[in-house]
$ cat query_33.txt   # compact mmCIF, C-alpha atoms and all ligand atoms
# COMPACT_ATOMS: atom_id res chain seq x y z
CA MET A 3 0.00 0.00 0.00
CA GLU A 4 2.74 2.41 0.98
CA GLN A 5 4.53 1.69 -2.26
CA ILE A 6 1.38 2.41 -4.20
CA LEU A 7 0.84 5.73 -2.42
CA LEU A 8 4.44 6.70 -3.11
CA GLU A 9 3.93 5.91 -6.80
CA LEU A 10 0.77 8.08 -6.80
CA ALA A 11 2.66 10.97 -5.15
CA ALA A 12 5.49 10.64 -7.67
CA ILE A 13 3.07 10.67 -10.61
CA LYS A 14 1.30 13.72 -9.18
CA GLU A 15 4.60 15.59 -8.67
CA GLU A 16 5.72 14.74 -12.19
CA MET A 17 2.44 16.04 -13.65
CA LEU A 18 2.47 19.26 -11.63
CA THR A 19 6.07 19.93 -12.62
CA LEU A 20 5.30 19.27 -16.28
CA LEU A 21 2.26 21.53 -16.11
CA ASN A 22 4.32 24.24 -14.56
CA GLU A 23 6.73 24.09 -17.46
CA VAL A 24 4.02 24.41 -20.10
CA LYS A 25 4.62 27.62 -22.04
CA ASP A 26 1.92 27.74 -24.72
CA GLU A 27 -1.51 26.46 -25.65
CA ASN A 28 -0.12 23.76 -27.93
CA ALA A 29 1.99 22.27 -25.16
CA LEU A 30 -1.02 22.37 -22.87
CA LYS A 31 -3.03 20.46 -25.44
CA ASN A 32 -0.29 17.81 -25.68
CA PHE A 33 -0.22 17.54 -21.91
CA ARG A 34 -3.96 16.96 -21.80
CA GLU A 35 -3.81 14.26 -24.48
CA VAL A 36 -1.00 12.37 -22.77
CA TYR A 37 -1.49 12.93 -19.04
CA LEU A 38 -5.20 13.36 -18.63
CA SER A 39 -6.38 10.55 -20.94
CA LYS A 40 -7.88 7.22 -19.89
CA LYS A 41 -4.54 5.56 -20.67
CA SER A 42 -2.45 7.98 -18.60
CA LYS A 43 -0.14 6.94 -15.77
CA LEU A 44 -2.63 8.32 -13.27
CA ALA A 45 -5.51 6.33 -14.73
CA SER A 46 -3.42 3.17 -14.84
CA LEU A 47 -3.06 3.26 -11.00
CA SER A 48 -6.58 1.83 -10.74
CA ARG A 49 -5.05 -1.55 -11.64
CA TYR A 50 -3.95 -1.83 -7.98
CA PHE A 51 -7.49 -1.80 -6.59
CA LYS A 52 -8.00 -5.50 -7.06
CA ASP A 53 -5.07 -6.25 -4.70
CA LEU A 54 -6.31 -4.02 -1.84
CA ASN A 55 -8.71 -4.73 1.02
CA ASN A 56 -11.78 -2.55 1.48
CA ASP A 57 -10.24 -0.07 3.92
CA GLU A 58 -7.21 0.35 1.72
CA LYS A 59 -9.44 0.75 -1.34
CA ALA A 60 -11.27 3.64 0.39
CA ILE A 61 -8.04 5.42 1.35
CA PHE A 62 -6.42 4.85 -2.04
CA GLY A 63 -9.59 6.00 -3.87
CA GLU A 64 -9.70 9.18 -1.87
CA LYS A 65 -6.00 9.89 -2.46
CA ILE A 66 -6.41 9.40 -6.20
CA ASN A 67 -9.38 11.80 -6.20
CA GLN A 68 -7.45 14.41 -4.25
CA ALA A 69 -4.53 14.14 -6.64
CA ARG A 70 -6.83 14.40 -9.64
CA GLN A 71 -8.54 17.51 -8.24
CA GLU A 72 -5.20 19.13 -7.57
CA ILE A 73 -4.01 18.41 -11.09
CA ASP A 74 -7.34 19.61 -12.58
CA ARG A 75 -7.03 22.87 -10.67
CA ALA A 76 -3.44 23.34 -11.82
CA TYR A 77 -4.50 22.52 -15.38
CA LYS A 78 -7.32 25.07 -15.26
CA ASN A 79 -5.02 27.76 -13.82
CA LYS A 80 -2.50 27.13 -16.55
CA HIS A 81 -5.22 27.17 -19.17
CA ASP A 82 -6.57 30.53 -17.93
CA GLU A 83 -3.12 31.99 -17.63
CA LEU A 84 -2.26 31.07 -21.25
CA PHE A 85 -5.65 32.14 -22.57
CA PHE A 86 -5.55 35.59 -20.97
CA ALA A 87 -1.93 36.09 -21.97
CA SER A 88 -2.74 35.58 -25.64
CA TYR A 89 -6.03 37.45 -25.34
CA ASN A 90 -4.36 40.49 -23.83
CA LYS A 91 -1.66 40.35 -26.49
CA ARG A 92 -4.39 40.43 -29.17
CA LEU A 93 -6.20 43.30 -27.46
CA LEU A 94 -3.02 45.33 -27.39
CA LYS A 95 -2.53 44.75 -31.09
CA GLU A 96 -6.15 45.66 -31.85
CA LYS A 97 -6.04 48.90 -29.94
CA ILE A 98 -8.08 51.59 -31.72
CA ASP A 99 -7.55 55.31 -31.71
CA LEU A 100 -10.89 56.84 -30.74
CA SER A 101 -9.70 60.29 -31.68
CA LEU A 102 -9.28 59.35 -35.38
CA PRO A 103 -11.82 61.15 -37.57
CA GLY A 104 -14.48 58.81 -39.07
CA VAL A 105 -15.04 58.12 -42.75
CA ASN A 106 -17.37 60.75 -44.13
CA TYR A 107 -19.94 59.24 -46.48
CA GLN A 108 -21.76 61.61 -48.84
CA VAL A 109 -25.48 61.21 -48.28
CA GLY A 110 -27.72 61.80 -51.31
CA ARG A 111 -30.58 64.25 -51.34
CA ILE A 112 -33.87 64.16 -53.18
CA ASN A 113 -33.78 66.57 -56.08
CA PRO A 114 -36.33 69.41 -55.63
CA LEU A 115 -37.81 68.43 -58.99
CA ARG A 116 -38.65 64.94 -57.73
CA LYS A 117 -40.00 66.33 -54.44
CA VAL A 118 -42.32 68.73 -56.23
CA GLU A 119 -43.44 66.04 -58.67
CA ASP A 120 -44.30 63.67 -55.79
CA GLU A 121 -46.11 66.41 -53.92
CA ILE A 122 -48.25 67.44 -56.91
CA LEU A 123 -49.08 63.84 -57.86
CA ASN A 124 -50.09 63.14 -54.25
CA ILE A 125 -52.48 66.09 -54.21
CA PHE A 126 -54.24 64.80 -57.32
CA VAL A 127 -54.20 61.14 -56.31
CA ASN A 128 -55.95 62.23 -53.10
CA MET A 129 -58.61 63.85 -55.31
CA GLY A 130 -59.16 60.55 -57.10
CA TYR A 131 -56.97 61.05 -60.17
CA GLU A 132 -55.14 58.23 -61.92
CA VAL A 133 -51.45 58.64 -62.85
CA TYR A 134 -50.25 57.83 -66.36
CA GLU A 135 -46.87 58.55 -67.90
CA GLY A 136 -46.64 58.70 -71.70
CA PRO A 137 -43.54 57.69 -73.68
CA ASP A 138 -40.56 60.02 -74.04
CA ILE A 139 -40.24 59.19 -77.72
CA GLU A 140 -43.57 60.30 -79.12
CA SER A 141 -45.10 60.26 -82.57
CA ASP A 142 -45.68 63.48 -84.46
CA TYR A 143 -49.29 62.28 -84.66
CA TYR A 144 -49.90 62.28 -80.87
CA ASN A 145 -47.59 65.18 -80.04
CA PHE A 146 -49.16 67.57 -82.57
CA GLU A 147 -52.02 66.27 -84.70
CA ARG A 148 -54.09 64.73 -81.92
CA MET A 149 -53.61 67.92 -79.91
CA ASN A 150 -55.28 69.84 -82.72
CA ILE A 151 -51.97 71.21 -83.98
CA PRO A 152 -52.07 70.41 -87.75
CA SER A 153 -48.87 70.24 -89.79
CA ASP A 154 -49.22 73.76 -91.13
CA HIS A 155 -50.05 75.24 -87.75
CA PRO A 156 -47.65 77.97 -86.59
CA ALA A 157 -47.40 76.32 -83.13
CA ARG A 158 -45.13 73.71 -84.74
CA GLU A 159 -42.61 76.38 -85.41
CA MET A 160 -43.11 77.81 -81.96
CA GLN A 161 -41.88 74.55 -80.49
CA ASP A 162 -38.63 73.71 -82.16
CA SER A 163 -38.29 70.01 -81.50
CA PHE A 164 -35.82 67.10 -81.43
CA TYR A 165 -36.94 64.89 -84.32
CA PHE A 166 -35.62 61.34 -84.95
CA ASN A 167 -37.36 61.27 -88.33
CA PRO A 168 -40.37 63.14 -89.76
CA SER A 169 -42.80 61.09 -87.66
CA LEU A 170 -40.91 60.50 -84.36
CA LEU A 171 -39.63 63.05 -81.86
CA LEU A 172 -38.82 63.60 -78.18
CA LYS A 173 -42.13 64.84 -76.80
CA THR A 174 -42.28 68.63 -76.52
CA HIS A 175 -45.02 68.65 -73.87
CA THR A 176 -46.99 66.16 -71.75
CA SER A 177 -50.25 66.96 -73.62
CA PRO A 178 -50.08 63.93 -75.99
CA ALA A 179 -50.69 61.77 -72.89
CA GLN A 180 -54.22 63.28 -72.97
CA ALA A 181 -54.95 61.69 -76.35
CA ARG A 182 -53.37 58.39 -75.30
CA MET A 183 -55.55 58.28 -72.16
CA MET A 184 -58.72 59.10 -74.09
CA ASP A 185 -57.93 56.33 -76.58
CA ALA A 186 -57.47 53.89 -73.69
CA LYS A 187 -60.66 54.94 -71.87
CA LYS A 188 -62.84 54.44 -74.98
CA GLY A 189 -65.63 56.89 -74.13
CA GLU A 190 -65.63 56.59 -70.31
CA ALA A 191 -65.37 59.54 -67.91
CA PHE A 192 -62.02 59.79 -66.08
CA LYS A 193 -59.50 62.00 -64.25
CA VAL A 194 -55.77 61.66 -64.81
CA VAL A 195 -52.45 63.38 -64.14
CA CYS A 196 -49.54 62.63 -66.48
CA PRO A 197 -46.02 63.56 -65.35
CA GLY A 198 -43.15 63.44 -67.79
CA LYS A 199 -39.96 64.86 -69.27
CA CYS A 200 -40.26 67.30 -72.16
CA TYR A 201 -37.65 68.36 -74.67
CA ARG A 202 -37.32 71.48 -76.78
CA ARG A 203 -34.50 72.83 -78.88
CA ASP A 204 -33.87 75.76 -76.55
CA ASP A 205 -30.49 77.21 -75.71
CA ASP A 206 -29.93 76.59 -71.99
CA ASP A 207 -29.85 79.71 -69.84
CA ALA A 208 -31.09 80.76 -66.39
CA THR A 209 -34.74 80.30 -67.37
CA HIS A 210 -34.59 77.79 -70.25
CA SER A 211 -33.55 74.16 -70.37
CA HIS A 212 -33.63 71.85 -73.39
CA GLN A 213 -35.09 69.26 -70.99
CA PHE A 214 -37.69 70.04 -68.36
CA MET A 215 -40.66 68.42 -66.67
CA GLN A 216 -44.40 68.92 -66.80
CA ILE A 217 -47.49 67.44 -65.27
CA GLU A 218 -50.55 67.31 -67.48
CA GLY A 219 -54.00 67.13 -65.94
CA LEU A 220 -57.13 65.99 -67.75
CA VAL A 221 -60.70 65.49 -66.61
CA VAL A 222 -63.32 64.23 -69.06
CA GLY A 223 -66.94 63.69 -68.12
CA HIS A 224 -70.45 65.12 -68.24
CA ASN A 225 -71.06 68.80 -67.47
CA ILE A 226 -67.42 69.59 -66.66
CA SER A 227 -67.11 73.38 -66.60
CA LEU A 228 -64.53 76.15 -66.37
CA ALA A 229 -65.64 76.59 -62.73
CA ASP A 230 -64.52 72.99 -62.05
CA LEU A 231 -61.16 73.84 -63.60
CA LYS A 232 -60.80 76.97 -61.48
CA GLY A 233 -61.79 75.19 -58.25
CA THR A 234 -59.39 72.32 -58.95
CA LEU A 235 -56.45 74.61 -59.74
CA GLU A 236 -57.16 76.73 -56.68
CA THR A 237 -57.14 73.64 -54.43
CA PHE A 238 -53.97 72.38 -56.08
CA LEU A 239 -52.02 75.64 -55.99
CA LYS A 240 -53.02 76.50 -52.42
CA ALA A 241 -51.90 73.01 -51.34
CA VAL A 242 -48.49 73.58 -52.96
CA PHE A 243 -47.87 77.26 -52.15
CA GLY A 244 -50.03 77.88 -49.07
CA GLU A 245 -53.58 79.02 -48.30
CA LYS A 246 -52.74 82.72 -48.50
CA ARG A 247 -52.04 82.64 -52.23
CA GLU A 248 -54.80 83.63 -54.70
CA ILE A 249 -55.09 82.57 -58.30
CA ARG A 250 -56.19 84.57 -61.35
CA LEU A 251 -57.29 83.32 -64.78
CA ARG A 252 -56.42 85.31 -67.92
CA GLY A 253 -57.73 84.56 -71.41
CA SER A 254 -55.08 82.94 -73.62
CA TYR A 255 -54.69 80.66 -76.61
CA PHE A 256 -53.74 76.99 -76.97
CA PRO A 257 -54.79 74.93 -79.99
CA PHE A 258 -56.04 72.04 -77.81
CA THR A 259 -58.29 74.06 -75.47
CA GLU A 260 -61.22 76.42 -76.02
CA PRO A 261 -61.48 78.65 -74.12
CA SER A 262 -57.85 78.74 -73.00
CA VAL A 263 -56.48 80.44 -69.93
CA GLU A 264 -53.18 81.36 -68.42
CA VAL A 265 -53.20 80.93 -64.64
CA ASP A 266 -51.32 83.29 -62.33
CA ILE A 267 -50.68 82.97 -58.61
CA SER A 268 -50.37 85.95 -56.27
CA CYS A 269 -46.79 86.92 -55.49
CA ALA A 270 -45.30 85.23 -52.41
CA HIS A 271 -43.86 88.51 -51.22
CA CYS A 272 -46.69 91.06 -51.64
CA LEU A 273 -49.66 88.65 -51.99
CA GLY A 274 -51.10 90.55 -54.99
CA LYS A 275 -50.39 94.16 -54.03
CA GLY A 276 -47.42 94.59 -56.32
CA CYS A 277 -43.74 94.74 -55.45
CA SER A 278 -40.33 94.65 -57.08
CA LEU A 279 -40.28 90.84 -57.03
CA CYS A 280 -43.36 90.51 -59.27
CA LYS A 281 -42.51 93.67 -61.27
CA ASN A 282 -45.49 95.39 -59.66
CA SER A 283 -48.01 93.05 -61.26
CA GLY A 284 -48.85 91.32 -57.95
CA TYR A 285 -49.05 88.00 -59.80
CA ILE A 286 -46.72 85.38 -61.28
CA GLU A 287 -47.61 83.16 -64.24
CA ILE A 288 -47.70 79.51 -63.23
CA LEU A 289 -49.52 77.32 -65.79
CA GLY A 290 -51.66 76.99 -68.91
CA ALA A 291 -55.11 75.43 -68.95
CA GLY A 292 -58.49 75.40 -70.63
CA MET A 293 -61.56 73.43 -71.67
CA VAL A 294 -60.66 70.51 -73.92
CA HIS A 295 -61.17 71.55 -77.56
CA PRO A 296 -64.13 69.76 -79.24
CA ASN A 297 -61.76 68.60 -82.01
CA VAL A 298 -59.52 66.87 -79.42
CA LEU A 299 -62.54 65.13 -77.87
CA MET A 300 -63.83 64.07 -81.29
CA MET A 301 -60.52 62.66 -82.49
CA SER A 302 -60.57 60.39 -79.42
CA GLY A 303 -64.14 59.21 -80.01
CA TYR A 304 -65.80 61.43 -77.37
CA ASP A 305 -68.92 63.29 -78.57
CA PRO A 306 -68.45 66.97 -77.57
CA LYS A 307 -72.24 67.36 -77.28
CA GLU A 308 -72.26 64.77 -74.55
CA TYR A 309 -68.81 65.16 -72.97
CA SER A 310 -66.75 68.07 -71.87
CA GLY A 311 -63.43 68.27 -70.08
CA PHE A 312 -60.72 70.50 -68.74
CA ALA A 313 -56.97 70.22 -69.06
CA PHE A 314 -53.93 71.92 -67.65
CA GLY A 315 -50.19 71.69 -68.00
CA VAL A 316 -47.84 72.81 -65.25
CA GLY A 317 -44.05 73.05 -65.39
CA ILE A 318 -42.55 71.15 -62.46
CA ASP A 319 -39.29 73.07 -62.83
CA ARG A 320 -41.19 76.36 -62.59
CA VAL A 321 -43.00 75.25 -59.43
CA ALA A 322 -39.73 73.97 -57.90
CA MET A 323 -37.94 77.23 -58.72
CA LEU A 324 -40.69 79.33 -57.08
CA LYS A 325 -41.04 77.02 -54.09
CA TYR A 326 -37.32 76.68 -53.35
CA GLY A 327 -36.20 80.10 -54.55
CA ILE A 328 -34.00 78.64 -57.31
CA SER A 329 -33.03 81.44 -59.68
CA ASP A 330 -31.18 79.37 -62.30
CA ILE A 331 -32.96 76.35 -63.81
CA ARG A 332 -29.58 74.77 -64.64
CA ASP A 333 -28.92 74.29 -60.91
CA ILE A 334 -31.73 71.73 -60.82
CA TYR A 335 -29.96 69.52 -63.36
CA GLN A 336 -26.42 69.80 -62.04
CA ASN A 337 -26.96 67.62 -58.96
CA ASP A 338 -24.61 69.65 -56.80
CA LEU A 339 -25.38 68.22 -53.36
CA ARG A 340 -24.20 71.39 -51.64
CA LEU A 341 -27.05 73.30 -53.28
CA PHE A 342 -29.66 70.73 -52.36
CA SER A 343 -28.57 70.35 -48.73
CA ASN A 344 -27.60 73.90 -47.70
CA PHE A 345 -28.76 76.48 -50.13
CA TYR A 346 -32.23 75.74 -51.39
CA LYS A 347 -34.77 75.39 -48.61
CA GLU A 348 -38.50 75.08 -49.01
CA ARG A 349 -40.26 78.47 -48.80
N1 LIG B 1 -48.85 71.90 -73.51
C1 LIG B 1 -48.71 73.28 -73.08
C2 LIG B 1 -47.25 73.66 -73.16
O1 LIG B 1 -46.40 72.81 -73.18
C3 LIG B 1 -49.18 73.47 -71.67
C4 LIG B 1 -50.67 73.35 -71.57
C5 LIG B 1 -51.45 74.45 -71.73
C6 LIG B 1 -51.26 72.13 -71.31
C7 LIG B 1 -52.85 74.38 -71.66
C8 LIG B 1 -52.64 72.03 -71.21
C9 LIG B 1 -53.41 73.15 -71.38
O2 LIG B 1 -53.26 70.88 -70.94
O3 LIG B 1 -54.76 73.08 -71.28
O4 LIG B 1 -46.93 74.82 -73.18
$ encode --input "query_33.txt" --output "structure tokens"
Amino acid sequence: MEQILLELAAIKEEMLTLLNEVKDENALKNFREVYLSKKSKLASLSRYFKDLNNDEKAIFGEKINQARQEIDRAYKNKHDELFFASYNKRLLKEKIDLSLPGVNYQVGRINPLRKVEDEILNIFVNMGYEVYEGPDIESDYYNFERMNIPSDHPAREMQDSFYFNPSLLLKTHTSPAQARMMDAKKGEAFKVVCPGKCYRRDDDDATHSHQFMQIEGLVVGHNISLADLKGTLETFLKAVFGEKREIRLRGSYFPFTEPSVEVDISCAHCLGKGCSLCKNSGYIEILGAGMVHPNVLMMSGYDPKEYSGFAFGVGIDRVAMLKYGISDIRDIYQNDLRLFSNFYKER
């Protein structure tokens, strides 16, 4: 028995010494595989049990357990020591400098043109209008003829256009969407707004752009009157520019409407009294409108004796320029984020 206990003590000492000498995690792993396995020297001591009496078995069993616990504790200490040593080393290497400036990402902004378009479409959608966008490449037939602008009409010269060939061009206004909608509706009553890009052969300057945007409005039904047009435009323009603004209709001429009107809105600064901003007129021109010309209704299969309608066309760029105080239309198309984030604020 004494011999056996001496052997146990020797094995324990050997293991503790070896553990003490372990310098890295790999060595610790080797130690565990060799000295803590079921075939280790320590485990093999259980072969003596069969030669011991019961009292001796109890003492020997307890001594083995004590030794095992001591070794386990030493193993765990070594494990923690190695783990924290390498962990701390890693932390030191990963040290970050909190005073370093961050990476500055440029955040995009919504172009005022898109904001105004969304706002106007929303106003009309809330009034029950559909939204339809016509093609950018339009036929001469829809762009001019169906809008009651025959080939010899002077309006064709008024609007110098980008033609692909004699019958195809980039649309010069959103009005052809009116004829396309009427064709699609085949004699039914309807309300629609048609946003879109327009193109004209203009030299770009502060107030002209060869590309700009419009929203066309069209209502066709029974007993639609000029009063409906005025009420609708008043609701629309007050929603965009504020309740204080008044509108004014002036007689005008468009081939596709009869009668035709030009619509003005009272000046933001003097509210109609006249100031230097509105050149003392008190009003600023904002859009063109009118009652749909009987010829336009007829060409789309609507009987003008039974149906009437109103239409209007508003320049989104013009609304955006007034609303955001943009004095040069070219700024809208240059996408300079500094202008959109700092300079132009909603009025
Ligand atoms: N199409 C016209 C233009 O581009 C704008 C316009 C005026 C549209 C009167 C209309 C309207 O629907 O009734 O200048």
$ closest_residue --input "query_33.txt" --among "A:Asn79, A:Thr174, A:Ser278, A:Ser227" --to "A:Pro261" --atoms "only C-alpha atoms"
A:Ser227
$ closest_residue --input "query_33.txt" --among "A:Val242, A:Leu279, A:Leu341, A:Met149" --to "ligand LIG 1 (chain B)" --atoms "all atoms listed in the file"
A:Met149
$ atom_distance --input "query_33.txt" --atom1 "atom CA of A:Glu245" --atom2 "atom CA of A:Gly233"
13.5 Å
$ residues_around --input "query_33.txt" --residues "stretch 180-194 of chain A" --least-positions-apart "3" --cutoff "9 Å" --atoms "all atoms listed in the file" --output "short mmCIF file (atom, residue, chain, number, x, y, z; two decimals) with C-alpha atoms, in the frame of the given file"
data_model
loop_
_atom_site.label_atom_id
_atom_site.label_comp_id
_atom_site.auth_asym_id
_atom_site.auth_seq_id
_atom_site.Cartn_x
_atom_site.Cartn_y
_atom_site.Cartn_z
CA PHE A 126 -54.24 64.80 -57.32
CA VAL A 127 -54.20 61.14 -56.31
CA GLY A 130 -59.16 60.55 -57.10
CA TYR A 131 -56.97 61.05 -60.17
CA GLU A 132 -55.14 58.23 -61.92
CA VAL A 133 -51.45 58.64 -62.85
CA TYR A 134 -50.25 57.83 -66.36
CA GLY A 136 -46.64 58.70 -71.70
CA TYR A 144 -49.90 62.28 -80.87
CA ASN A 145 -47.59 65.18 -80.04
CA ARG A 148 -54.09 64.73 -81.92
CA MET A 149 -53.61 67.92 -79.91
CA THR A 176 -46.99 66.16 -71.75
CA SER A 177 -50.25 66.96 -73.62
CA GLU A 218 -50.55 67.31 -67.48
CA GLY A 219 -54.00 67.13 -65.94
CA LEU A 220 -57.13 65.99 -67.75
CA VAL A 221 -60.70 65.49 -66.61
CA VAL A 222 -63.32 64.23 -69.06
CA GLY A 223 -66.94 63.69 -68.12
CA HIS A 224 -70.45 65.12 -68.24
CA VAL A 298 -59.52 66.87 -79.42
CA LEU A 299 -62.54 65.13 -77.87
CA MET A 301 -60.52 62.66 -82.49
CA SER A 302 -60.57 60.39 -79.42
CA GLY A 303 -64.14 59.21 -80.01
CA TYR A 304 -65.80 61.43 -77.37
CA ASP A 305 -68.92 63.29 -78.57
CA TYR A 309 -68.81 65.16 -72.97
CA ALA A 313 -56.97 70.22 -69.06
#
$ closest_atom_pairs --input "query_33.txt" --of "chain A" --to "ligand LIG 1 (chain B)" --cutoff "9 Å" --atoms "only C-alpha atoms and all ligand atoms" --output "Markdown table"
| residue | atom | partner | partner_atom | distance |
| --- | --- | --- | --- | --- |
| A:Met149 | CA | B:LIG1 | N1 | 8.9 |
| A:Gln161 | CA | B:LIG1 | O1 | 8.8 |
| A:Thr174 | CA | B:LIG1 | O1 | 6.8 |
| A:His175 | CA | B:LIG1 | O1 | 4.4 |
| A:Thr176 | CA | B:LIG1 | N1 | 6.3 |
| A:Ser177 | CA | B:LIG1 | N1 | 5.1 |
| A:Pro178 | CA | B:LIG1 | N1 | 8.4 |
| A:Gln180 | CA | B:LIG1 | O2 | 7.9 |
| A:Cys200 | CA | B:LIG1 | O1 | 8.3 |
| A:Gln216 | CA | B:LIG1 | O1 | 7.7 |
| A:Ile217 | CA | B:LIG1 | C6 | 8.5 |
| A:Glu218 | CA | B:LIG1 | O2 | 5.7 |
| A:Gly219 | CA | B:LIG1 | O2 | 6.3 |
| A:Leu220 | CA | B:LIG1 | O2 | 7.0 |
| A:Tyr255 | CA | B:LIG1 | C7 | 8.2 |
| A:Phe256 | CA | B:LIG1 | C7 | 6.0 |
| A:Pro257 | CA | B:LIG1 | C7 | 8.6 |
| A:Phe258 | CA | B:LIG1 | O3 | 6.7 |
| A:Thr259 | CA | B:LIG1 | O3 | 5.6 |
| A:Glu260 | CA | B:LIG1 | O3 | 8.7 |
| A:Ser262 | CA | B:LIG1 | O3 | 6.7 |
| A:Val263 | CA | B:LIG1 | C7 | 7.3 |
| A:Glu264 | CA | B:LIG1 | C7 | 7.7 |
| A:Leu289 | CA | B:LIG1 | C5 | 6.9 |
| A:Gly290 | CA | B:LIG1 | C5 | 3.8 |
| A:Ala291 | CA | B:LIG1 | O3 | 3.3 |
| A:Gly292 | CA | B:LIG1 | O3 | 4.4 |
| A:Met293 | CA | B:LIG1 | O3 | 6.8 |
| A:Val294 | CA | B:LIG1 | O3 | 7.0 |
| A:Phe312 | CA | B:LIG1 | O3 | 7.0 |
| A:Ala313 | CA | B:LIG1 | O2 | 4.2 |
| A:Phe314 | CA | B:LIG1 | O2 | 3.5 |
| A:Gly315 | CA | B:LIG1 | C6 | 3.5 |
| A:Val316 | CA | B:LIG1 | C3 | 6.6 |
| A:Gly317 | CA | B:LIG1 | C3 | 8.1 |
$ closest_residue --input "query_33.txt" --among "A:Lys43, A:Arg340, A:Arg34, A:Arg247" --to "A:His271" --atoms "all atoms listed in the file"
A:Arg247
$ closest_residue --input "query_33.txt" --among "A:Tyr326, A:Ser169, A:Lys31, A:Pro137" --to "A:Tyr77" --atoms "all atoms listed in the file"
A:Lys31
$ atom_distance --input "query_33.txt" --atom1 "atom CA of A:Glu27" --atom2 "atom CA of A:Ile73"
16.8 Å
$ residues_around --input "query_33.txt" --residues "stretch 83-86 of chain A" --least-positions-apart "6" --cutoff "10 Å" --atoms "all atoms listed in the file" --output "PDB file with C-alpha atoms, keeping the file's coordinate frame"
ATOM      1  CA  VAL A  24       4.020  24.410 -20.100  1.00  0.00           C
ATOM      2  CA  LYS A  25       4.620  27.620 -22.040  1.00  0.00           C
ATOM      3  CA  ASP A  26       1.920  27.740 -24.720  1.00  0.00           C
ATOM      4  CA  GLU A  27      -1.510  26.460 -25.650  1.00  0.00           C
ATOM      5  CA  LEU A  30      -1.020  22.370 -22.870  1.00  0.00           C
ATOM      6  CA  TYR A  77      -4.500  22.520 -15.380  1.00  0.00           C
ATOM      7  CA  ARG A  92      -4.390  40.430 -29.170  1.00  0.00           C
TER       8      ARG A  92
END
$ atom_distance --input "query_33.txt" --atom1 "atom CA of A:Met129" --atom2 "atom CA of A:Asn150"
28.3 Å
$ residues_near_point --input "query_33.txt" --point "(-31.2, 80.1, -65.9)" --cutoff "9 Å" --atoms "only C-alpha atoms" --output "mmCIF file with C-alpha atoms, keeping the file's coordinate frame"
data_model
loop_
_atom_site.group_PDB
_atom_site.id
_atom_site.type_symbol
_atom_site.label_atom_id
_atom_site.label_comp_id
_atom_site.auth_asym_id
_atom_site.auth_seq_id
_atom_site.Cartn_x
_atom_site.Cartn_y
_atom_site.Cartn_z
ATOM 1 C CA ASP A 206 -29.930 76.590 -71.990
ATOM 2 C CA ASP A 207 -29.850 79.710 -69.840
ATOM 3 C CA ALA A 208 -31.090 80.760 -66.390
ATOM 4 C CA THR A 209 -34.740 80.300 -67.370
ATOM 5 C CA HIS A 210 -34.590 77.790 -70.250
ATOM 6 C CA SER A 211 -33.550 74.160 -70.370
ATOM 7 C CA SER A 329 -33.030 81.440 -59.680
ATOM 8 C CA ASP A 330 -31.180 79.370 -62.300
ATOM 9 C CA ILE A 331 -32.960 76.350 -63.810
ATOM 10 C CA ARG A 332 -29.580 74.770 -64.640
ATOM 11 C CA ASP A 333 -28.920 74.290 -60.910
#
$ closest_residue --input "query_33.txt" --among "A:Lys95, A:Arg70, A:Lys59, A:Lys40" --to "A:Ala11" --atoms "all atoms listed in the file"
A:Arg70
$ closest_residue --input "query_33.txt" --among "A:Ile66, A:Ile112, A:Leu231, A:Leu21" --to "A:Leu8" --atoms "all atoms listed in the file"
A:Ile66
$ residues_around --input "query_33.txt" --residues "A:Ser141" --least-positions-apart "5" --cutoff "9 Å" --atoms "only C-alpha atoms" --output "PyMOL selection string"
chain A and resi 146+169-173
$ write_last_selection --input "query_33.txt" --atoms "C-alpha atoms" --output "tab-separated table (two decimals), in the coordinates of the input"
chain	number	residue	atom	x	y	z
A	146	PHE	CA	-49.16	67.57	-82.57
A	169	SER	CA	-42.80	61.09	-87.66
A	170	LEU	CA	-40.91	60.50	-84.36
A	171	LEU	CA	-39.63	63.05	-81.86
A	172	LEU	CA	-38.82	63.60	-78.18
A	173	LYS	CA	-42.13	64.84	-76.80
$ residues_around --input "query_33.txt" --residues "A:Lys325" --least-positions-apart "4" --cutoff "12 Å" --atoms "all atoms listed in the file" --output "list of chain:residue names"
A:Pro114, A:Leu115, A:Lys117, A:Val118, A:Glu121, A:Leu239, A:Ala241, A:Val242, A:Phe243, A:Gly244, A:Cys269, A:Ala270, A:Ile288, A:Ile318, A:Asp319, A:Arg320, A:Val321, A:Ser329, A:Tyr346, A:Lys347, A:Glu348, A:Arg349
